[in-house]
Amino acid sequence: MSGLMFIGFGLIALYFGQKLALGTPVRMGPGYVPRMLSLTLLGLGALVCIVAVVSGSDPVERLKWKPITLVTIGIICFGLLFERAGLIPALIVLVTIASLAGEEFKLTEVIGLIVTLAVLCTLVFKVGLGMNIYILRGVW
């Protein structure tokens, strides 16, 4: 299934990137890297499928909808909050909602992850890269 997923993503990327100019390895166009990544995904997907067919694979598990749904909701909330509230509130909501997707929820671990991500993201994106993003809207 994962090999088919790689092949599917590779085909989708090839389809959407087909109108971008490819260029050459020396003068890469805007479509060069997406095309190479698409071909890499296709090759990796084919390799995974071949290995699974030759060696035999484990039975496919049923989809676990709770993690898929909660992580997706967390990402959507992050996207909606990032511009309106800033990086830290968006990270708090994302990590909290995504943490509910797991088998166990430990508040101390979630708080530690939030603090670590907030510090690292602030240092990397605001301080290191100098990006024009709000850390906490209205404050910084």
# chains A, B, ... in the order shown; residues from 1 in each chain; ligands from 1

call {"tool": "residues_around", "arguments": {"residues": "Thr108 (chain A)", "least_positions_apart": "5", "cutoff": "12 Å", "atoms": "only C-alpha atoms", "output": "list in words"}}
result
Thr96, Ser99, Leu113, Ile114 and Val115 of chain A

call {"tool": "write_last_selection", "arguments": {"atoms": "all heavy atoms", "output": "compact mmCIF listing (two decimals), in the first residue's frame"}}
result
# COMPACT_ATOMS: atom_id res chain seq x y z
N THR A 96 -1.59 20.25 20.69
CA THR A 96 -2.61 19.74 21.60
C THR A 96 -3.59 18.83 20.87
O THR A 96 -3.89 17.72 21.32
CB THR A 96 -3.37 20.90 22.28
OG1 THR A 96 -2.42 21.74 22.94
CG2 THR A 96 -4.37 20.37 23.28
N SER A 99 -1.86 15.65 19.64
CA SER A 99 -1.51 14.76 20.76
C SER A 99 -2.70 13.92 21.19
O SER A 99 -2.53 12.82 21.72
CB SER A 99 -1.01 15.57 21.95
OG SER A 99 0.18 16.23 21.62
N LEU A 113 6.74 19.48 24.67
CA LEU A 113 6.84 19.55 23.22
C LEU A 113 6.46 20.94 22.71
O LEU A 113 7.12 21.48 21.82
CB LEU A 113 5.94 18.49 22.58
CG LEU A 113 5.95 18.41 21.06
CD1 LEU A 113 7.35 18.12 20.54
CD2 LEU A 113 4.97 17.35 20.59
N ILE A 114 5.42 21.52 23.28
CA ILE A 114 4.99 22.86 22.87
C ILE A 114 6.10 23.87 23.14
O ILE A 114 6.43 24.69 22.28
CB ILE A 114 3.68 23.26 23.58
CG1 ILE A 114 2.51 22.44 23.03
CG2 ILE A 114 3.41 24.75 23.42
CD1 ILE A 114 1.23 22.59 23.83
N VAL A 115 6.68 23.83 24.33
CA VAL A 115 7.74 24.77 24.69
C VAL A 115 8.96 24.59 23.78
O VAL A 115 9.52 25.56 23.26
CB VAL A 115 8.13 24.62 26.18
CG1 VAL A 115 9.38 25.40 26.51
CG2 VAL A 115 6.98 25.05 27.08

call {"tool": "select_by_dssp", "arguments": {"residues": "chain A", "states": "helix (DSSP H, G or I)", "output": "number ranges by chain"}}
result
A: 2-16, 32-55, 65-85, 87-99, 107-128

call {"tool": "closest_atom_pairs", "arguments": {"of": "region 53-133 of chain A", "to": "region 27-48 of chain A", "cutoff": "12 Å", "atoms": "only C-alpha atoms", "output": "JSON lines"}}
result
{"residue": "A:Val53", "atom": "CA", "partner": "A:Val48", "partner_atom": "CA", "distance": 8.6}
{"residue": "A:Val54", "atom": "CA", "partner": "A:Val48", "partner_atom": "CA", "distance": 10.0}
{"residue": "A:Ser55", "atom": "CA", "partner": "A:Val48", "partner_atom": "CA", "distance": 10.5}
{"residue": "A:Gly56", "atom": "CA", "partner": "A:Val48", "partner_atom": "CA", "distance": 11.3}
{"residue": "A:Ser57", "atom": "CA", "partner": "A:Val48", "partner_atom": "CA", "distance": 10.6}

call {"tool": "closest_residue", "arguments": {"among": "A:Leu107, A:Ile7, A:Cys77, A:Leu63", "to": "Val93 (chain A)", "atoms": "only C-alpha atoms"}}
result
A:Cys77

call {"tool": "atom_distance", "arguments": {"atom1": "CA of Gly79 (chain A)", "atom2": "CA of Gly128 (chain A)"}}
result
21.9 Å

call {"tool": "closest_residue", "arguments": {"among": "A:Leu87, A:Ala98, A:Val60, A:Val119", "to": "Ile135 (chain A)", "atoms": "only C-alpha atoms"}}
result
A:Leu87

call {"tool": "residues_around", "arguments": {"residues": "Leu91 (chain A)", "least_positions_apart": "2", "cutoff": "9 Å", "atoms": "only C-alpha atoms", "output": "ChimeraX atom specification"}}
result
/A:78,81-82,86-89,93-96,114,117-118

call {"tool": "write_last_selection", "arguments": {"atoms": "N, CA, C and O atoms", "output": "PDB file, in the first residue's frame"}}
result
ATOM      1  N   PHE A  78      -3.894  25.060  12.644  1.00  0.00           N
ATOM      2  CA  PHE A  78      -2.616  25.772  12.590  1.00  0.00           C
ATOM      3  C   PHE A  78      -2.619  26.780  11.455  1.00  0.00           C
ATOM      4  O   PHE A  78      -2.235  27.934  11.628  1.00  0.00           O
ATOM      5  N   LEU A  81      -4.934  29.722  12.307  1.00  0.00           N
ATOM      6  CA  LEU A  81      -4.496  30.554  13.431  1.00  0.00           C
ATOM      7  C   LEU A  81      -3.167  31.268  13.194  1.00  0.00           C
ATOM      8  O   LEU A  81      -2.901  32.290  13.820  1.00  0.00           O
ATOM      9  N   PHE A  82      -2.335  30.736  12.325  1.00  0.00           N
ATOM     10  CA  PHE A  82      -0.989  31.274  12.159  1.00  0.00           C
ATOM     11  C   PHE A  82      -1.007  32.758  11.813  1.00  0.00           C
ATOM     12  O   PHE A  82      -0.294  33.551  12.414  1.00  0.00           O
ATOM     13  N   GLY A  86      -0.637  34.197  15.479  1.00  0.00           N
ATOM     14  CA  GLY A  86       0.809  34.090  15.582  1.00  0.00           C
ATOM     15  C   GLY A  86       1.260  32.646  15.681  1.00  0.00           C
ATOM     16  O   GLY A  86       0.463  31.709  15.765  1.00  0.00           O
ATOM     17  N   LEU A  87       2.573  32.465  15.685  1.00  0.00           N
ATOM     18  CA  LEU A  87       3.172  31.142  15.666  1.00  0.00           C
ATOM     19  C   LEU A  87       2.901  30.342  16.938  1.00  0.00           C
ATOM     20  O   LEU A  87       2.504  29.183  16.873  1.00  0.00           O
ATOM     21  N   ILE A  88       3.092  30.950  18.080  1.00  0.00           N
ATOM     22  CA  ILE A  88       2.974  30.204  19.329  1.00  0.00           C
ATOM     23  C   ILE A  88       1.547  29.714  19.585  1.00  0.00           C
ATOM     24  O   ILE A  88       1.355  28.534  19.888  1.00  0.00           O
ATOM     25  N   PRO A  89       0.513  30.564  19.468  1.00  0.00           N
ATOM     26  CA  PRO A  89      -0.844  30.029  19.645  1.00  0.00           C
ATOM     27  C   PRO A  89      -1.188  28.937  18.630  1.00  0.00           C
ATOM     28  O   PRO A  89      -1.848  27.946  18.974  1.00  0.00           O
ATOM     29  N   VAL A  93      -2.201  24.963  19.623  1.00  0.00           N
ATOM     30  CA  VAL A  93      -3.405  24.276  19.158  1.00  0.00           C
ATOM     31  C   VAL A  93      -3.037  23.034  18.348  1.00  0.00           C
ATOM     32  O   VAL A  93      -3.616  21.957  18.540  1.00  0.00           O
ATOM     33  N   LEU A  94      -2.068  23.160  17.455  1.00  0.00           N
ATOM     34  CA  LEU A  94      -1.653  22.021  16.628  1.00  0.00           C
ATOM     35  C   LEU A  94      -1.169  20.856  17.476  1.00  0.00           C
ATOM     36  O   LEU A  94      -1.630  19.719  17.315  1.00  0.00           O
ATOM     37  N   VAL A  95      -0.254  21.115  18.378  1.00  0.00           N
ATOM     38  CA  VAL A  95       0.325  20.040  19.191  1.00  0.00           C
ATOM     39  C   VAL A  95      -0.726  19.434  20.111  1.00  0.00           C
ATOM     40  O   VAL A  95      -0.785  18.213  20.280  1.00  0.00           O
ATOM     41  N   THR A  96      -1.587  20.254  20.695  1.00  0.00           N
ATOM     42  CA  THR A  96      -2.613  19.737  21.602  1.00  0.00           C
ATOM     43  C   THR A  96      -3.592  18.829  20.867  1.00  0.00           C
ATOM     44  O   THR A  96      -3.887  17.724  21.325  1.00  0.00           O
ATOM     45  N   ILE A 114       5.417  21.517  23.277  1.00  0.00           N
ATOM     46  CA  ILE A 114       4.994  22.859  22.869  1.00  0.00           C
ATOM     47  C   ILE A 114       6.097  23.875  23.137  1.00  0.00           C
ATOM     48  O   ILE A 114       6.432  24.694  22.282  1.00  0.00           O
ATOM     49  N   LEU A 117       9.109  23.228  20.715  1.00  0.00           N
ATOM     50  CA  LEU A 117       8.806  23.666  19.350  1.00  0.00           C
ATOM     51  C   LEU A 117       8.711  25.179  19.254  1.00  0.00           C
ATOM     52  O   LEU A 117       9.173  25.778  18.278  1.00  0.00           O
ATOM     53  N   ALA A 118       8.121  25.815  20.264  1.00  0.00           N
ATOM     54  CA  ALA A 118       7.998  27.270  20.230  1.00  0.00           C
ATOM     55  C   ALA A 118       9.371  27.935  20.236  1.00  0.00           C
ATOM     56  O   ALA A 118       9.623  28.859  19.456  1.00  0.00           O
TER      57      ALA A 118
END

call {"tool": "closest_residue", "arguments": {"among": "A:Leu100, A:Met5, A:Val26, A:Ile50", "to": "Thr72 (chain A)", "atoms": "only C-alpha atoms"}}
result
A:Leu100
